[in-house]
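A.B. asks: The structure's right below; bear with me while I get my questions together.
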Amino acid sequence: MSLKDVSDEQLDEVAGYLDKHSDGHGSGSEEEFWRLLIKELKRATPASGGKKIRYSMVEVEDFGTELLKDRSPGLKLLKDLQGKKLSLDVFVSCLEKIECVGAQNVFRTAAPPEITHHPASQAVRCGDQITLTCKAECEPPAQYLWFRGQTPIPGARTNAHIIRNATSGDSGWYVCRATNPNINDPRKMVFSRWAEVEVVGSTVVAQETHTPTITLHPAHASVSVGGSAVLECRAEGERLVYDWYKDEKLFRESQRHGKLIFDPVTADHFGEYHCVLVNDVGRVESSRARLNDVSPASPIVITEQPKDCRGRVGKGISLRCKAKGPPGKTLLYQWFQKQPGRDSKDKEIGTDFVCCAQLFFTPRLEYKIYCRVSLEEDPGVSEDSDMATVTVDSIWITRQPESIDCYIGDRASLICSAEGCQPDQKITYMWLRSVTRGDRKKHSLTCNSGVLPFDRLSQKDWGYYVCQAQNNYQHVQSEEVFVKVSAPPADGSRARDRTRPTIRFTKQPWSQVVPLGGRFRLLCEAHATADEPLHYQWYFNGTPLDRETDSKLIRERVLTDHIGSYYCKVQTNEGFAKIITTTARIEQAPPPGERNRRELEMSGEQLNQEEAERLLVTAKEERYAREKVALLIGNQRYQSPDMVKLNSSENDTRELAEKLRTLNFKVFSFVDLNFRDMMDVLEVFYGMLTLSGIYALFYYTGHGFSYGGVTYLMPVDATLPPKCDLNIAADDITAHMQNKKSRAVKILDCCRTSNRDDIESPTMSHTRSLGYSNIFEITSCPIDHFSYEDLQEPNSTFSVALRGALDEPRKITEVFQQILDNMRNAPQSLNGRPFQRPEFRGSLADPAITLHDHVMLDDPTAEEKLYEIGAKWEQAHVLPEPVLLPDELGGLLTVKLNFTADFSNVLVVGIIMIPAGSCTSAKVDVDTTFLESQGLRGEFYLQQDSPPDHPTHTIATLKVANLQRLEGKLKLCLKVSVVEAGRGEKEGTVVHELEQRPLFANYLSDDRRT
């Protein structure tokens, strides 16, 4: 540890000890002290192993001039030593050599002595020798001082006090004080029991000592906080010592009388007491007596107690306390940190019902914190919360090891890394191994690094491993991982699919709003490939819950302690695959009457039951959605050559989808839809809006026009001149979203011009909308105006402004205002282009909602419908499992396919070619005409550079678009070729049919299309 890591408070305290010698108040000459200090520092070496520390006399005198400036020369020296990277151990060693004890003790933690042998009372004749002995255990050895009565005895500084030639004047009571030389705190000094010495004349009158006999036992007492009370115990016997115990723990010891006085009584005093009487002959206990609290009930009731928590050094923690007081009274909250020592005053650290504290390093690695709630009008009326324990982590795991599955003879390694509160401090590692899962008796390995290498795996390496990281204060263990070692195949080939098993959720837990005393159920359902068994573990506020290892977590009666965040971790037997659910929040619902009042206040008018159901607010006035669903359509590749070419629709749709996913929207995103496709996806979207309280967002970017005051969205098969009946009327979308009673937001980024005389008018009537009530519409431009995009830019101006407005939680009306400000400040607007002014219309029953609101379940009867919505979304976004293609080239090439989604109707196929044997190079091509025969569109890209970790691999990417038009199963045709050393080129063709239809093709089955 470097001197640079010492806190400012410790530096100031050490500087104070050094300054005592600088201003002449210390012992000895100040020149002599500084000469010795500089001499020892010159011998010291910085922690970095650099040059030795040198100070000239001019520099030393410069330190002394700080006194003339009313500043600290000691502090200036310490700051300079910090810059020289002096080790703390070296600096303390220098202080030891010059005997600056006070400064040394700042950096040391020491325990007070523990007395193991007390002096005994005795009676002697005049002229005899008296020997009183006391022994105390501590490190370093304790220092002693003997007292006669209250007066210290000069020179009596050993553990044995000897009086030779005793006289009658030596009679009296003696006690010994023991101190730790590294502790200057008087509160840490300990005293022995009193010993009575009686010196008589030449003849000692024999006096028989009897076992104590109690004549008066302590009696029960009842008292209020702030009052006074006395518990008394009387006994017959010689040289009695009284020890009082509270709740079976020592409360006050070595009293010479039997009275225990409380004045004033505090809340900590209430409990059960008894007295133990001891003399040289025996020991006896009194009966138990209770000190009862009869204080009047406090008008303050704490409804939410602070909870135990843990945090890292340098990070913050948050504790919460809520209380109820008399009507019309204001409550004050004060947070205190409990200080060690019975007489220490607790430190105030906060004055709000939420305490946000920064965790600093402390050798105790633990804080005790409580909240005091009082009335502003009468601070004497107060109530203290329960004590919360805050555990401080000085070390934590930053990289968990991962399970491995290898053959005998393979090379592998387990990697674990940790960080501590002090970056320069060394962290040591130890690996532990066992042959059974969860076995606490693990054998330590010789490796003391965070990397455990296996040069050649063997069967003896099979087992379960844990890494333990440790600094000077704490140790922490990693997760347990499994190393599986098996024999290679009989044919000698070591190639195989090392793809780890995957886990996929079928149901995840919902966030819920639950009244106190109510019930909630969290459900997690998952399945793994190859039907591997799964293990579940539920967590509450980041801490694993004991015995909650089922797929369901149920609380039959909700208490305030249950309010918080939950998630479930699911993993396979050996931990080769693990996955964590989304976090579900359990929030408290307001009382029914209070909820109705708030709904009326929000609306400003009498609401019917259906509208009230949609205004969802928690007890903490937080709004929430029952579900959030978004449909995004970006049309870019228009079929008509007369259409103006677009450049940004695909990018705008992709980036907005990514933004909405971070806000927990279930996003359907599509590109390049024709008229029939758009009608299909809109019907799916409407079918998702089955409950009130759902946030529904529709977004379109592409070509558009207006006719008769109605905006039309143009599919990619639209023609010019436009025909209204073959384009999508935006008013129809508005009407459907309104009829579903959702909280609807519609965003259009398209032109709305009507300057053509050849537009074919509609022959079919549109669905009648409800005007612009219960929907909020934002358009990139007003009616009869153009919406611009720059062919040199990847995104439209409106799209960039929209995503920027969603970066922070804003009310819907504030979102529009932010879009407007962003577009005013866009480079295109500042560079002379005509300002494109967006437009908004509409209203919502609750205009305070934001797109950042959490998703909550407030009605258990709606759970199944919400799971149906989730199941539909999952069905429309199924991805195929990674596959290895059949070997068509005699073992010279392994081709692996991975699958991801770009949009709901665009599948991205990653093609990885792994050469084997004598293969020197490989190529691949995709027959895109084979895709076109299935009604799809394909784009093939060959990556020029191999990945750095696999320089022999060849990577290619295939995008398969228009999956909404797929009939039957998807088939891929790959043409591969390899060059074999000494034998030339080989070619082959592989046709692979996916077992399951991917993405939206899986949802929009053939029967639905018809």
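Just so we're on the same page: first chain in the structure tokens is A, next is B, and so on; residues restart at 1 for each chain, and ligands are numbered from 1 in the order they show up.
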What are the closest atom pairs, with distances in Å to one decimal, for each residue of range 844-906 of chain A lying within 12 Å of range 508-517 of chain A, using only C-alpha atoms, rows by chain and rising residue number, as a tab-separated table?

C.D. replies:
residue	atom	partner	partner_atom	distance
A:Asp853	CA	A:Ser511	CA	11.7
A:His854	CA	A:Ser511	CA	8.0
A:Val855	CA	A:Ser511	CA	6.2
A:Met856	CA	A:Ser511	CA	4.5
A:Leu857	CA	A:Gln512	CA	4.1
A:Asp858	CA	A:Val513	CA	4.8
A:Asp859	CA	A:Val513	CA	8.1
A:Pro860	CA	A:Gln512	CA	8.9
A:Ala862	CA	A:Trp510	CA	11.2
A:Glu863	CA	A:Trp510	CA	8.5
A:Glu864	CA	A:Trp510	CA	11.1
A:Leu866	CA	A:Trp510	CA	9.1
A:Tyr867	CA	A:Gln508	CA	8.8
A:Gly870	CA	A:Gln508	CA	9.1
A:Ala871	CA	A:Gln508	CA	10.5
A:Glu874	CA	A:Gln508	CA	11.4

A.B. asks: Set the distance at 9 Å and use only C-alpha atoms: which residues neighbour range 569-583 of chain A once local chain neighbours fewer than 6 positions away are removed? I'd like the list as a ChimeraX atom specification.

C.D. replies: /A:402-405,437,464,480-484,500-505,508-511,524,526,528,532-539

A.B. asks: Could you check how far CA of Leu958 in chain A sits from CA of Val681 in chain A, in Å to one decimal?

C.D. replies: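 For CA of Leu958 in chain A relative to CA of Val681 in chain A, the distance reads 24.2 Å.
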
A.B. asks: Taking only C-alpha atoms into account, which of A:Arg837, A:Arg555, A:Arg312, A:Lys659 comes nearest Glu808 in chain A?

C.D. replies: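 Comparing A:Arg837, A:Arg555, A:Arg312, A:Lys659 against Glu808 in chain A, the winner is A:Lys659.
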
A.B. asks: Once DSSP has gone over the backbone, tell me which residues of range 313-503 of chain A are in strand (DSSP E), as a VMD selection string.

C.D. replies: chain A and resid 316 to 320 322 to 324 331 to 337 347 to 350 354 to 358 366 to 375 382 to 384 388 to 393 395 to 399 404 to 407 412 to 415 417 to 420 428 to 434 443 to 444 451 to 454 463 to 470 475 to 477 481 to 486 503

A.B. asks: Do you know which residues are at most 8 Å from Cys176 in chain A counting only C-alpha atoms, after dropping those on the same chain fewer than 2 positions away, and could you put them as number ranges by chain?

C.D. replies: A: 134, 144-147, 174, 178, 191-193

A.B. asks: From the options A:Leu889, A:Ile427, A:Ile849, A:Leu884, which residue's atoms come nearest to Gly910 in chain A, counting only C-alpha atoms?

C.D. replies: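 Among the listed residues, A:Leu884 lies closest to Gly910 in chain A.
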
A.B. asks: Do you know which residues are at most 9 Å from Pro762 in chain A counting only C-alpha atoms, after dropping those on the same chain fewer than 6 positions away, and could you put them as a PyMOL selection string?

C.D. replies: chain A and resi 723-726

A.B. asks: How about saving the chosen residues, N, CA, C and O atoms kept, as an mmCIF file, in the first residue's frame?

C.D. replies:
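After the write, result.cif holds the following:
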data_model
loop_
_atom_site.group_PDB
_atom_site.id
_atom_site.type_symbol
_atom_site.label_atom_id
_atom_site.label_comp_id
_atom_site.auth_asym_id
_atom_site.auth_seq_id
_atom_site.Cartn_x
_atom_site.Cartn_y
_atom_site.Cartn_z
ATOM 1 N N LYS A 723 -52.743 5.597 -56.480
ATOM 2 C CA LYS A 723 -54.135 5.205 -56.324
ATOM 3 C C LYS A 723 -54.421 5.067 -54.837
ATOM 4 O O LYS A 723 -53.796 4.257 -54.144
ATOM 5 N N CYS A 724 -55.338 5.848 -54.321
ATOM 6 C CA CYS A 724 -55.601 5.857 -52.880
ATOM 7 C C CYS A 724 -55.957 4.471 -52.369
ATOM 8 O O CYS A 724 -55.559 4.082 -51.262
ATOM 9 N N ASP A 725 -56.715 3.679 -53.153
ATOM 10 C CA ASP A 725 -57.159 2.375 -52.675
ATOM 11 C C ASP A 725 -55.995 1.387 -52.533
ATOM 12 O O ASP A 725 -56.131 0.379 -51.828
ATOM 13 N N LEU A 726 -54.866 1.627 -53.197
ATOM 14 C CA LEU A 726 -53.722 0.725 -53.129
ATOM 15 C C LEU A 726 -52.615 1.268 -52.226
ATOM 16 O O LEU A 726 -51.466 0.834 -52.292
#

A.B. asks: Could you give me, as a count of residues only, the residues within 8 Å of range 265-277 of chain A, counting only C-alpha atoms and dropping anything in the same chain fewer than 6 positions from it?

C.D. replies: 30

A.B. asks: To one decimal place, how far is CA of Arg803 in chain A from CA of Leu879 in chain A in Å?

C.D. replies: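 Taking CA of Arg803 in chain A as the start and CA of Leu879 in chain A as the end point, the length is 27.4 Å.
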
A.B. asks: Tell me which protein, DNA and RNA residues are within 8 Å of range 747-755 of chain A, counting only C-alpha atoms, leaving out same-chain ones fewer than 4 positions away, and put them as a count of residues only.

C.D. replies: 28

A.B. asks: If I take CA of Leu95 in chain A and CA of Gly74 in chain A, how far is one from the other in Å, to one decimal?

C.D. replies: 12.8 Å

A.B. asks: Could you check which of A:Lys84, A:Arg547, A:Lys76, A:Arg320 is closest to Arg54 in chain A, using only C-alpha atoms?

C.D. replies: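 Looking only at the distances to Arg54 in chain A, the closest residue turns out to be A:Lys84.
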
A.B. asks: Skip Ile183 in chain A itself and residues of its chain fewer than 6 positions away, then list as number ranges by chain all residues within 12 Å of it, counting only C-alpha atoms.

C.D. replies: A: 101-113, 138-143, 189-190

A.B. asks: Which one of A:Leu332, A:Ile819, A:Leu656, A:Ile812 sits closest to Thr797 in chain A if you count only C-alpha atoms?

C.D. replies: A:Ile819
